[in-house]
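Containing PDB, C-alpha atoms: protein_37.pdb.
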```
MODEL        1
ATOM      1  CA  MET A   1     -72.589 -34.182  97.159
ATOM      2  CA  THR A   2     -73.226 -31.939  94.168
ATOM      3  CA  THR A   3     -72.024 -28.361  94.470
ATOM      4  CA  LYS A   4     -74.540 -25.542  94.587
ATOM      5  CA  LYS A   5     -74.891 -22.199  92.946
ATOM      6  CA  ILE A   6     -75.641 -19.799  95.776
ATOM      7  CA  ILE A   7     -77.299 -16.634  94.551
ATOM      8  CA  TYR A   8     -77.614 -13.694  96.937
ATOM      9  CA  HIS A   9     -80.217 -11.275  95.674
ATOM     10  CA  CYS A  10     -81.446  -7.843  96.718
ATOM     11  CA  TYR A  11     -82.965  -4.759  95.102
ATOM     12  CA  GLY A  12     -80.047  -3.272  93.196
ATOM     13  CA  GLY A  13     -77.335  -5.909  93.538
ATOM     14  CA  ALA A  14     -74.995  -3.188  94.751
ATOM     15  CA  HIS A  15     -74.866  -3.396  98.546
ATOM     16  CA  SER A  16     -76.414  -6.123 100.716
ATOM     17  CA  SER A  17     -76.078  -9.011  98.226
ATOM     18  CA  VAL A  18     -72.519  -7.973  97.349
ATOM     19  CA  THR A  19     -71.609  -7.741 101.039
ATOM     20  CA  ALA A  20     -73.204 -11.135 101.740
ATOM     21  CA  ALA A  21     -71.320 -12.756  98.847
ATOM     22  CA  ALA A  22     -68.047 -11.239 100.118
ATOM     23  CA  ILE A  23     -68.716 -12.527 103.648
ATOM     24  CA  HIS A  24     -69.553 -15.964 102.264
ATOM     25  CA  LEU A  25     -66.240 -16.122 100.419
ATOM     26  CA  GLY A  26     -64.204 -14.820 103.363
ATOM     27  CA  GLN A  27     -63.346 -11.571 101.610
ATOM     28  CA  LEU A  28     -64.707  -9.737 104.658
ATOM     29  CA  ARG A  29     -63.956 -10.832 108.210
ATOM     30  CA  THR A  30     -67.009 -11.745 110.236
ATOM     31  CA  ASP A  31     -65.549 -10.741 113.633
ATOM     32  CA  LYS A  32     -65.172  -7.053 112.850
ATOM     33  CA  ILE A  33     -67.183  -4.385 111.090
ATOM     34  CA  PRO A  34     -65.535  -3.608 107.744
ATOM     35  CA  THR A  35     -64.138  -0.163 107.037
ATOM     36  CA  ALA A  36     -65.434   2.009 104.211
ATOM     37  CA  GLN A  37     -62.283   1.176 102.233
ATOM     38  CA  GLU A  38     -62.850  -2.552 102.691
ATOM     39  CA  LEU A  39     -66.429  -2.242 101.467
ATOM     40  CA  MET A  40     -65.454  -0.084  98.524
ATOM     41  CA  SER A  41     -62.759  -2.581  97.542
ATOM     42  CA  LEU A  42     -65.478  -5.167  96.839
ATOM     43  CA  ALA A  43     -66.332  -5.692  93.193
ATOM     44  CA  LEU A  44     -69.656  -3.989  92.419
ATOM     45  CA  PHE A  45     -70.156  -2.402  95.860
ATOM     46  CA  ASP A  46     -72.131   0.781  95.114
ATOM     47  CA  ARG A  47     -71.193   0.387  91.457
ATOM     48  CA  GLN A  48     -74.042  -1.631  89.982
ATOM     49  CA  THR A  49     -76.208   0.199  87.437
ATOM     50  CA  ASN A  50     -79.779  -0.361  86.245
ATOM     51  CA  ASP A  51     -78.458  -2.101  83.146
ATOM     52  CA  GLY A  52     -76.920  -4.770  85.358
ATOM     53  CA  HIS A  53     -80.160  -5.666  87.127
ATOM     54  CA  GLY A  54     -81.057  -9.283  86.464
ATOM     55  CA  GLN A  55     -77.471 -10.158  85.569
ATOM     56  CA  LEU A  56     -75.912 -12.862  87.777
ATOM     57  CA  HIS A  57     -72.423 -11.832  88.906
ATOM     58  CA  PHE A  58     -69.975 -14.543  89.810
ATOM     59  CA  PHE A  59     -67.955 -13.818  92.953
ATOM     60  CA  GLY A  60     -66.014 -17.024  93.451
ATOM     61  CA  PHE A  61     -65.980 -20.518  94.938
ATOM     62  CA  ASP A  62     -66.471 -21.166  98.641
ATOM     63  CA  GLU A  63     -64.605 -23.766 100.698
ATOM     64  CA  TRP A  64     -66.950 -26.557  99.504
ATOM     65  CA  GLY A  65     -66.637 -25.643  95.841
ATOM     66  CA  ASN A  66     -70.050 -23.950  95.663
ATOM     67  CA  GLN A  67     -70.308 -21.028  93.266
ATOM     68  CA  VAL A  68     -71.367 -17.734  94.805
ATOM     69  CA  TYR A  69     -73.272 -15.107  92.820
ATOM     70  CA  SER A  70     -75.109 -11.852  93.442
ATOM     71  CA  VAL A  71     -77.955 -10.318  91.489
ATOM     72  CA  GLY A  72     -80.168  -7.250  91.696
ATOM     73  CA  CYS A  73     -83.838  -8.029  91.088
ATOM     74  CA  ARG A  74     -85.415  -4.658  91.966
ATOM     75  CA  SER A  75     -88.662  -5.429  93.817
ATOM     76  CA  MET A  76     -89.119  -8.679  91.917
ATOM     77  CA  GLY A  77     -86.917 -11.025  93.929
ATOM     78  CA  GLN A  78     -89.521 -13.728  94.454
ATOM     79  CA  THR A  79     -90.603 -13.623  90.819
ATOM     80  CA  MET A  80     -86.965 -13.886  89.696
ATOM     81  CA  VAL A  81     -86.490 -16.899  91.964
ATOM     82  CA  LYS A  82     -89.570 -18.607  90.483
ATOM     83  CA  ILE A  83     -88.502 -17.928  86.902
ATOM     84  CA  LEU A  84     -84.862 -18.938  87.303
ATOM     85  CA  ARG A  85     -85.902 -22.095  89.169
ATOM     86  CA  GLY A  86     -88.402 -22.834  86.393
ATOM     87  CA  VAL A  87     -85.753 -22.412  83.703
ATOM     88  CA  ALA A  88     -83.273 -24.507  85.712
ATOM     89  CA  ARG A  89     -85.974 -27.195  85.986
ATOM     90  CA  MET A  90     -86.283 -27.189  82.173
ATOM     91  CA  LEU A  91     -82.545 -27.831  82.086
ATOM     92  CA  GLY A  92     -82.726 -30.459  84.838
ATOM     93  CA  ALA A  93     -80.639 -28.438  87.291
ATOM     94  CA  ALA A  94     -83.116 -26.843  89.705
ATOM     95  CA  ASP A  95     -81.639 -28.576  92.768
ATOM     96  CA  GLU A  96     -78.313 -26.817  92.306
ATOM     97  CA  LEU A  97     -79.721 -23.346  92.876
ATOM     98  CA  VAL A  98     -79.887 -21.766  96.317
ATOM     99  CA  PHE A  99     -81.459 -18.319  96.405
ATOM    100  CA  VAL A 100     -80.881 -16.075  99.391
ATOM    101  CA  ASP A 101     -82.853 -12.857  99.770
ATOM    102  CA  THR A 102     -80.705 -10.255 101.536
ATOM    103  CA  LEU A 103     -83.279  -7.483 101.276
ATOM    104  CA  HIS A 104     -84.566  -7.972 104.821
ATOM    105  CA  CYS A 105     -81.080  -7.056 106.123
ATOM    106  CA  VAL A 106     -81.247  -3.674 104.394
ATOM    107  CA  SER A 107     -81.671  -0.726 106.751
ATOM    108  CA  LEU A 108     -83.314   2.607 106.021
ATOM    109  CA  LYS A 109     -79.883   4.242 105.648
ATOM    110  CA  MET A 110     -78.894   1.654 103.054
ATOM    111  CA  ARG A 111     -82.140   2.180 101.157
ATOM    112  CA  LEU A 112     -81.852   5.953 101.190
ATOM    113  CA  GLY A 113     -78.115   6.009 100.464
ATOM    114  CA  GLY A 114     -78.483   3.418  97.732
ATOM    115  CA  TYR A 115     -81.337   5.331  96.167
ATOM    116  CA  LEU A 116     -79.384   8.602  96.164
ATOM    117  CA  SER A 117     -76.195   7.021  94.870
ATOM    118  CA  ARG A 118     -77.517   4.497  92.325
ATOM    119  CA  ARG A 119     -80.843   5.972  91.224
ATOM    120  CA  TRP A 120     -80.105   9.670  91.261
ATOM    121  CA  GLY A 121     -76.343   9.486  90.782
ATOM    122  CA  LEU A 122     -75.762  11.609  93.912
ATOM    123  CA  ILE A 123     -72.720   9.575  94.899
ATOM    124  CA  THR A 124     -71.120  12.116  97.256
ATOM    125  CA  LEU A 125     -74.350  12.241  99.226
ATOM    126  CA  GLY A 126     -75.514   8.643  98.985
ATOM    127  CA  ARG A 127     -72.297   6.648  99.274
ATOM    128  CA  PRO A 128     -71.317   7.682 102.844
ATOM    129  CA  LEU A 129     -74.877   6.953 103.941
ATOM    130  CA  VAL A 130     -75.012   3.544 102.315
ATOM    131  CA  ILE A 131     -71.597   2.624 103.724
ATOM    132  CA  GLN A 132     -72.712   3.633 107.221
ATOM    133  CA  GLY A 133     -75.935   1.661 106.768
ATOM    134  CA  THR A 134     -74.036  -1.407 105.521
ATOM    135  CA  ARG A 135     -71.689  -1.268 108.509
ATOM    136  CA  GLU A 136     -74.681  -1.085 110.845
ATOM    137  CA  ALA A 137     -76.439  -3.971 109.088
ATOM    138  CA  PHE A 138     -73.234  -6.018 108.882
ATOM    139  CA  PRO A 139     -73.914  -8.300 111.908
ATOM    140  CA  GLN A 140     -77.314  -9.204 110.449
ATOM    141  CA  ILE A 141     -75.784 -10.020 107.075
ATOM    142  CA  VAL A 142     -73.104 -12.119 108.788
ATOM    143  CA  GLU A 143     -75.828 -14.058 110.604
ATOM    144  CA  LEU A 144     -77.711 -14.651 107.367
ATOM    145  CA  VAL A 145     -74.580 -15.935 105.614
ATOM    146  CA  ARG A 146     -73.796 -18.172 108.590
ATOM    147  CA  GLU A 147     -77.255 -19.753 108.260
ATOM    148  CA  VAL A 148     -76.785 -20.230 104.522
ATOM    149  CA  LYS A 149     -73.379 -21.849 104.969
ATOM    150  CA  HIS A 150     -74.756 -24.102 107.685
ATOM    151  CA  LYS A 151     -77.565 -25.148 105.347
ATOM    152  CA  VAL A 152     -75.404 -25.831 102.299
ATOM    153  CA  ALA A 153     -72.717 -27.580 104.333
ATOM    154  CA  GLY A 154     -75.244 -29.788 106.100
TER     155      GLY A 154
ATOM    156  CA  MET B   1     -85.079 -26.346  72.310
ATOM    157  CA  ASN B   2     -87.390 -24.427  74.642
ATOM    158  CA  TYR B   3     -89.398 -21.320  73.846
ATOM    159  CA  LEU B   4     -90.639 -19.080  76.625
ATOM    160  CA  TYR B   5     -93.229 -16.451  75.745
ATOM    161  CA  LEU B   6     -93.024 -13.664  78.301
ATOM    162  CA  GLY B   7     -95.991 -11.408  79.048
ATOM    163  CA  LEU B   8     -96.175  -8.223  81.083
ATOM    164  CA  ALA B   9     -99.015  -8.715  83.593
ATOM    165  CA  ASP B  10    -100.772 -10.530  80.784
ATOM    166  CA  TYR B  11    -101.436 -14.018  79.464
ATOM    167  CA  TYR B  12    -103.438 -13.080  76.376
ATOM    168  CA  LEU B  13    -100.518 -12.136  74.122
ATOM    169  CA  PRO B  14     -98.089 -14.868  75.245
ATOM    170  CA  ALA B  15    -100.855 -17.494  75.113
ATOM    171  CA  ALA B  16    -101.820 -16.442  71.581
ATOM    172  CA  ALA B  17     -98.157 -16.377  70.462
ATOM    173  CA  ALA B  18     -97.565 -19.829  71.971
ATOM    174  CA  ALA B  19    -100.704 -21.138  70.235
ATOM    175  CA  LEU B  20     -99.532 -19.701  66.909
ATOM    176  CA  HIS B  21     -96.160 -21.395  67.435
ATOM    177  CA  LEU B  22     -97.890 -24.709  68.155
ATOM    178  CA  LYS B  23    -100.193 -24.165  65.177
ATOM    179  CA  LEU B  24    -103.180 -24.401  67.480
ATOM    180  CA  LEU B  25    -104.194 -21.229  65.672
ATOM    181  CA  ASN B  26    -103.938 -20.715  61.960
ATOM    182  CA  THR B  27    -101.105 -18.326  61.123
ATOM    183  CA  GLU B  28    -103.075 -17.097  58.103
ATOM    184  CA  GLY B  29    -106.024 -14.815  58.700
ATOM    185  CA  LEU B  30    -107.758 -13.779  61.880
ATOM    186  CA  PRO B  31    -108.628 -16.450  64.466
ATOM    187  CA  SER B  32    -112.186 -16.400  65.708
ATOM    188  CA  ARG B  33    -113.102 -15.486  69.289
ATOM    189  CA  GLN B  34    -114.040 -19.139  69.916
ATOM    190  CA  GLN B  35    -110.685 -20.365  68.620
ATOM    191  CA  LEU B  36    -108.860 -17.911  70.882
ATOM    192  CA  SER B  37    -110.950 -18.843  73.909
ATOM    193  CA  ALA B  38    -109.933 -22.481  73.416
ATOM    194  CA  VAL B  39    -106.227 -21.580  73.568
ATOM    195  CA  PRO B  40    -104.532 -22.795  76.782
ATOM    196  CA  TYR B  41    -104.109 -19.993  79.355
ATOM    197  CA  PHE B  42    -106.079 -17.503  77.247
ATOM    198  CA  ARG B  43    -107.406 -15.675  80.306
ATOM    199  CA  PRO B  44    -106.504 -12.757  82.589
ATOM    200  CA  VAL B  45    -103.517 -13.357  84.867
ATOM    201  CA  THR B  46    -103.970 -13.698  88.611
ATOM    202  CA  ALA B  47    -101.529 -12.943  91.416
ATOM    203  CA  ALA B  48    -100.801 -16.672  91.667
ATOM    204  CA  ASP B  49     -99.594 -16.749  88.042
ATOM    205  CA  GLU B  50     -96.776 -14.261  88.699
ATOM    206  CA  GLY B  51     -93.487 -15.802  87.578
ATOM    207  CA  LEU B  52     -94.878 -19.319  87.160
ATOM    208  CA  ILE B  53     -93.612 -20.969  84.001
ATOM    209  CA  ARG B  54     -96.504 -22.789  82.357
ATOM    210  CA  PHE B  55     -96.029 -25.567  79.850
ATOM    211  CA  VAL B  56     -98.274 -24.990  76.834
ATOM    212  CA  GLY B  57     -97.298 -27.789  74.475
ATOM    213  CA  GLN B  58     -94.699 -29.473  72.329
ATOM    214  CA  THR B  59     -94.136 -29.312  68.603
ATOM    215  CA  VAL B  60     -93.471 -32.422  66.507
ATOM    216  CA  GLU B  61     -89.816 -31.394  66.424
ATOM    217  CA  GLY B  62     -89.770 -31.654  70.203
ATOM    218  CA  GLU B  63     -89.706 -27.925  70.904
ATOM    219  CA  GLN B  64     -91.184 -27.239  74.316
ATOM    220  CA  ILE B  65     -93.386 -24.169  74.447
ATOM    221  CA  TYR B  66     -93.905 -22.313  77.718
ATOM    222  CA  LEU B  67     -95.355 -19.029  78.839
ATOM    223  CA  VAL B  68     -94.863 -16.822  81.851
ATOM    224  CA  SER B  69     -96.125 -13.472  83.054
ATOM    225  CA  VAL B  70     -94.374 -10.895  85.227
ATOM    226  CA  SER B  71     -95.940  -7.769  86.656
ATOM    227  CA  LYS B  72     -92.957  -5.436  86.116
ATOM    228  CA  TYR B  73     -89.518  -5.068  84.554
ATOM    229  CA  PRO B  74     -89.602  -7.853  81.924
ATOM    230  CA  GLU B  75     -86.084  -6.908  80.774
ATOM    231  CA  ILE B  76     -84.462  -7.993  84.034
ATOM    232  CA  PHE B  77     -85.928 -11.476  83.651
ATOM    233  CA  VAL B  78     -84.608 -11.775  80.106
ATOM    234  CA  ARG B  79     -81.167 -10.805  81.441
ATOM    235  CA  GLY B  80     -81.535 -13.201  84.375
ATOM    236  CA  ILE B  81     -82.428 -16.150  82.140
ATOM    237  CA  HIS B  82     -79.599 -15.375  79.733
ATOM    238  CA  SER B  83     -77.066 -15.147  82.525
ATOM    239  CA  LEU B  84     -78.355 -18.387  84.087
ATOM    240  CA  LEU B  85     -77.805 -20.120  80.754
ATOM    241  CA  SER B  86     -74.321 -18.583  80.577
ATOM    242  CA  ILE B  87     -73.339 -19.916  84.003
ATOM    243  CA  TYR B  88     -74.474 -23.387  82.956
ATOM    244  CA  GLN B  89     -72.526 -22.887  79.713
ATOM    245  CA  ILE B  90     -75.668 -23.626  77.731
ATOM    246  CA  PRO B  91     -76.214 -21.747  74.454
ATOM    247  CA  LEU B  92     -78.824 -19.004  74.649
ATOM    248  CA  SER B  93     -80.744 -20.802  71.900
ATOM    249  CA  ALA B  94     -81.589 -23.593  74.395
ATOM    250  CA  VAL B  95     -84.181 -21.329  76.014
ATOM    251  CA  VAL B  96     -85.419 -18.644  73.653
ATOM    252  CA  VAL B  97     -87.237 -15.896  75.541
ATOM    253  CA  ILE B  98     -89.759 -14.025  73.411
ATOM    254  CA  PRO B  99     -91.243 -10.951  75.134
ATOM    255  CA  CYS B 100     -94.871 -10.331  74.125
ATOM    256  CA  ILE B 101     -95.440  -6.997  75.789
ATOM    257  CA  LEU B 102     -98.668  -5.016  75.728
ATOM    258  CA  GLU B 103     -98.390  -1.531  74.262
ATOM    259  CA  ASN B 104    -100.458  -0.316  77.199
ATOM    260  CA  PRO B 105    -100.036  -2.576  80.236
ATOM    261  CA  GLN B 106    -102.961  -0.762  81.922
ATOM    262  CA  VAL B 107    -105.321  -2.735  79.686
ATOM    263  CA  SER B 108    -104.406  -5.967  81.436
ATOM    264  CA  ARG B 109    -105.592  -4.361  84.693
ATOM    265  CA  TRP B 110    -108.961  -3.822  83.083
ATOM    266  CA  CYS B 111    -109.076  -7.465  82.071
ATOM    267  CA  ARG B 112    -108.303  -8.538  85.628
ATOM    268  CA  LEU B 113    -110.862  -6.130  87.013
ATOM    269  CA  LEU B 114    -113.565  -7.427  84.677
ATOM    270  CA  GLU B 115    -112.683 -10.991  85.652
ATOM    271  CA  ARG B 116    -112.856 -10.151  89.358
ATOM    272  CA  LEU B 117    -116.239  -8.550  88.845
ATOM    273  CA  GLY B 118    -117.396 -11.843  87.374
ATOM    274  CA  TRP B 119    -117.590 -10.542  83.811
ATOM    275  CA  HIS B 120    -115.467 -13.250  82.327
ATOM    276  CA  SER B 121    -116.789 -12.923  78.795
ATOM    277  CA  ALA B 122    -116.110  -9.163  78.803
ATOM    278  CA  ALA B 123    -112.547  -9.825  79.956
ATOM    279  CA  GLN B 124    -112.127 -12.437  77.218
ATOM    280  CA  GLN B 125    -113.539 -10.015  74.669
ATOM    281  CA  LEU B 126    -111.017  -7.371  75.681
ATOM    282  CA  GLY B 127    -108.260  -9.992  75.580
ATOM    283  CA  THR B 128    -109.356 -10.997  72.088
ATOM    284  CA  ARG B 129    -109.180  -7.342  71.020
ATOM    285  CA  LEU B 130    -105.659  -7.122  72.406
ATOM    286  CA  VAL B 131    -104.622 -10.118  70.354
ATOM    287  CA  TYR B 132    -106.286  -8.827  67.191
ATOM    288  CA  ASN B 133    -104.455  -5.510  67.574
ATOM    289  CA  ARG B 134    -101.094  -7.195  67.962
ATOM    290  CA  LEU B 135    -101.574 -10.224  65.714
ATOM    291  CA  PRO B 136     -99.160  -9.104  62.963
ATOM    292  CA  ASP B 137     -96.490  -8.467  65.636
ATOM    293  CA  LEU B 138     -97.120 -11.848  67.252
ATOM    294  CA  LYS B 139     -96.735 -13.576  63.888
ATOM    295  CA  ARG B 140     -93.478 -11.714  63.293
ATOM    296  CA  MET B 141     -92.173 -12.847  66.703
ATOM    297  CA  LEU B 142     -92.522 -16.515  65.814
ATOM    298  CA  PRO B 143     -89.365 -18.438  64.963
ATOM    299  CA  ASP B 144     -88.672 -18.693  61.228
ATOM    300  CA  LYS B 145     -90.348 -22.071  60.761
ATOM    301  CA  PRO B 146     -93.465 -22.515  62.872
ATOM    302  CA  THR B 147     -94.044 -26.219  63.313
ATOM    303  CA  ALA B 148     -97.096 -28.404  63.624
ATOM    304  CA  ALA B 149     -98.374 -29.394  67.051
ATOM    305  CA  GLU B 150     -98.266 -33.012  68.160
TER     306      GLU B 150
ENDMDL
END
```

Would it be possible to restate this file's structure as structure tokens?
Amino acid sequence: MTTKKIIYHCYGGAHSSVTAAAIHLGQLRTDKIPTAQELMSLALFDRQTNDGHGQLHFFGFDEWGNQVYSVGCRSMGQTMVKILRGVARMLGAADELVFVDTLHCVSLKMRLGGYLSRRWGLITLGRPLVIQGTREAFPQIVELVREVKHKVAG
Amino acid sequence: MNYLYLGLADYYLPAAAAALHLKLLNTEGLPSRQQLSAVPYFRPVTAADEGLIRFVGQTVEGEQIYLVSVSKYPEIFVRGIHSLLSIYQIPLSAVVVIPCILENPQVSRWCRLLERLGWHSAAQQLGTRLVYNRLPDLKRMLPDKPTAAE
């Protein structure tokens, strides 16, 4: 079986996709809600900037040797998927790519906190909100990752 | 080598640039309205075109010419394609992305509106104007040695 490149994508590539990638790689336990410190210890969590949107960030290899990435696509997730699949097809590698949209796991608190922290730079105001929102959305993200792992393993 | 002409909510500029690359249009002088209308994908974009990579043709050297249109944020797609090539350890020159961006993206909305109203020739006329206005830029965007089409 060929290994896959699993790409979690969301709006800013700073919260839900990063959390999903960390869950996928076992960097966050799935049986407990992570603490703020655990979330903040993740590479890129609430650190991504506008200049990094579109950039695929490598997080590591999972237990089957699949590569796990995250990317922020703003509101253009589906378009990004089409284009990257199209380019991969040119290169004869479209089957290797697995795109996972994490945006539907994002709660209002995550949106608002992320907007304040990343867009306006109001970190002291936005970060606690986005962390709280991520902790609340955590079970949903875990479920999504479980489905993805089931799919790629099967 | 692959060339991808990227438009912002627009096919007119990328289609014209791709046609110049393929020498479907003469790089000297101004192409006529009829010549432009015969260019593949020289039309207003539709919602279904969003993000779809269209094959336009191949040069005698084997260069594959494509075009694509996105409705917003073209820079993130350039970054995305470059980083995809990096993760496959393929040189960036394997897929050259050439943004052909309208100076005023609102104009493409007018083209789409005219098309939806059934005024295709008016939309094409506006598209032709867009190309005429940007023709020197489009010629400059072409790779150093434009090649003949197969």

Self-check item: Point (-75.5, -19.4, 106.8), cut-off 12 Å, counting all atoms listed in the file, residues as a ChimeraX atom specification
Solution: /A:6,8,20-21,23-25,30,98,100,102,140-154

Saved selection, atoms kept: C-alpha atoms, as an mmCIF file, keeping the file's coordinate frame:
```cif
data_model
loop_
_atom_site.group_PDB
_atom_site.id
_atom_site.type_symbol
_atom_site.label_atom_id
_atom_site.label_comp_id
_atom_site.auth_asym_id
_atom_site.auth_seq_id
_atom_site.Cartn_x
_atom_site.Cartn_y
_atom_site.Cartn_z
ATOM 1 C CA ILE A 6 -75.641 -19.799 95.776
ATOM 2 C CA TYR A 8 -77.614 -13.694 96.937
ATOM 3 C CA ALA A 20 -73.204 -11.135 101.740
ATOM 4 C CA ALA A 21 -71.320 -12.756 98.847
ATOM 5 C CA ILE A 23 -68.716 -12.527 103.648
ATOM 6 C CA HIS A 24 -69.553 -15.964 102.264
ATOM 7 C CA LEU A 25 -66.240 -16.122 100.419
ATOM 8 C CA THR A 30 -67.009 -11.745 110.236
ATOM 9 C CA VAL A 98 -79.887 -21.766 96.317
ATOM 10 C CA VAL A 100 -80.881 -16.075 99.391
ATOM 11 C CA THR A 102 -80.705 -10.255 101.536
ATOM 12 C CA GLN A 140 -77.314 -9.204 110.449
ATOM 13 C CA ILE A 141 -75.784 -10.020 107.075
ATOM 14 C CA VAL A 142 -73.104 -12.119 108.788
ATOM 15 C CA GLU A 143 -75.828 -14.058 110.604
ATOM 16 C CA LEU A 144 -77.711 -14.651 107.367
ATOM 17 C CA VAL A 145 -74.580 -15.935 105.614
ATOM 18 C CA ARG A 146 -73.796 -18.172 108.590
ATOM 19 C CA GLU A 147 -77.255 -19.753 108.260
ATOM 20 C CA VAL A 148 -76.785 -20.230 104.522
ATOM 21 C CA LYS A 149 -73.379 -21.849 104.969
ATOM 22 C CA HIS A 150 -74.756 -24.102 107.685
ATOM 23 C CA LYS A 151 -77.565 -25.148 105.347
ATOM 24 C CA VAL A 152 -75.404 -25.831 102.299
ATOM 25 C CA ALA A 153 -72.717 -27.580 104.333
ATOM 26 C CA GLY A 154 -75.244 -29.788 106.100
#
```

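Counting all atoms listed in the file, the residue from A:Arg29, A:Arg119, A:His57, A:His15 that sits nearest to chain B is A:His57.
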
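Minimum distance to chain A across B:Leu6, B:Val39, B:Leu126, B:Leu117 (counting all atoms listed in the file) occurs at B:Leu6.
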
Quiz item: Could you list, as a PyMOL selection string, every residue of chain B that has an atom within 6 Å of an atom of chain A, counting all atoms listed in the file?
Solution: chain B and resi 51+76+79-80+83

Quiz prompt | Distance query segment 121-130 of chain A at most 9 Å, all atoms listed in the file, self and fewer than 6 positions along chain excluded, as a VMD selection string | solution = chain A and resid 15 36 46 109 to 115

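If you count only C-alpha atoms and ignore residues fewer than 4 places along the chain from Leu42 of chain A, what sits within 10 Å of it is Ala14, His15, Val18, Thr19, Ala21, Ala22, Gln27, Leu28, Gln37, Glu38, Asp46, Arg47 and Phe59 of chain A.
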
Write a file for segment 76-94 of chain A of the given structure; include C-alpha atoms and format it as a PDB file, in the first residue's frame.
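decode09.pdb was written with the following content:
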```pdb
ATOM      1  CA  MET A  76     -10.994  28.813  -0.300  1.00  0.00           C
ATOM      2  CA  GLY A  77     -10.564  25.285   1.029  1.00  0.00           C
ATOM      3  CA  GLN A  78     -12.466  23.536  -1.743  1.00  0.00           C
ATOM      4  CA  THR A  79     -10.715  25.551  -4.440  1.00  0.00           C
ATOM      5  CA  MET A  80      -7.324  24.745  -2.883  1.00  0.00           C
ATOM      6  CA  VAL A  81      -8.221  21.051  -2.861  1.00  0.00           C
ATOM      7  CA  LYS A  82      -9.178  21.173  -6.558  1.00  0.00           C
ATOM      8  CA  ILE A  83      -6.006  23.012  -7.549  1.00  0.00           C
ATOM      9  CA  LEU A  84      -3.589  20.900  -5.517  1.00  0.00           C
ATOM     10  CA  ARG A  85      -5.263  17.711  -6.767  1.00  0.00           C
ATOM     11  CA  GLY A  86      -5.018  19.053 -10.322  1.00  0.00           C
ATOM     12  CA  VAL A  87      -1.317  19.813  -9.931  1.00  0.00           C
ATOM     13  CA  ALA A  88      -0.717  16.416  -8.294  1.00  0.00           C
ATOM     14  CA  ARG A  89      -2.514  14.820 -11.264  1.00  0.00           C
ATOM     15  CA  MET A  90      -0.081  16.600 -13.618  1.00  0.00           C
ATOM     16  CA  LEU A  91       2.704  14.987 -11.608  1.00  0.00           C
ATOM     17  CA  GLY A  92       0.962  11.599 -11.531  1.00  0.00           C
ATOM     18  CA  ALA A  93       0.502  11.609  -7.757  1.00  0.00           C
ATOM     19  CA  ALA A  94      -3.117  12.628  -7.145  1.00  0.00           C
TER      20      ALA A  94
END
```
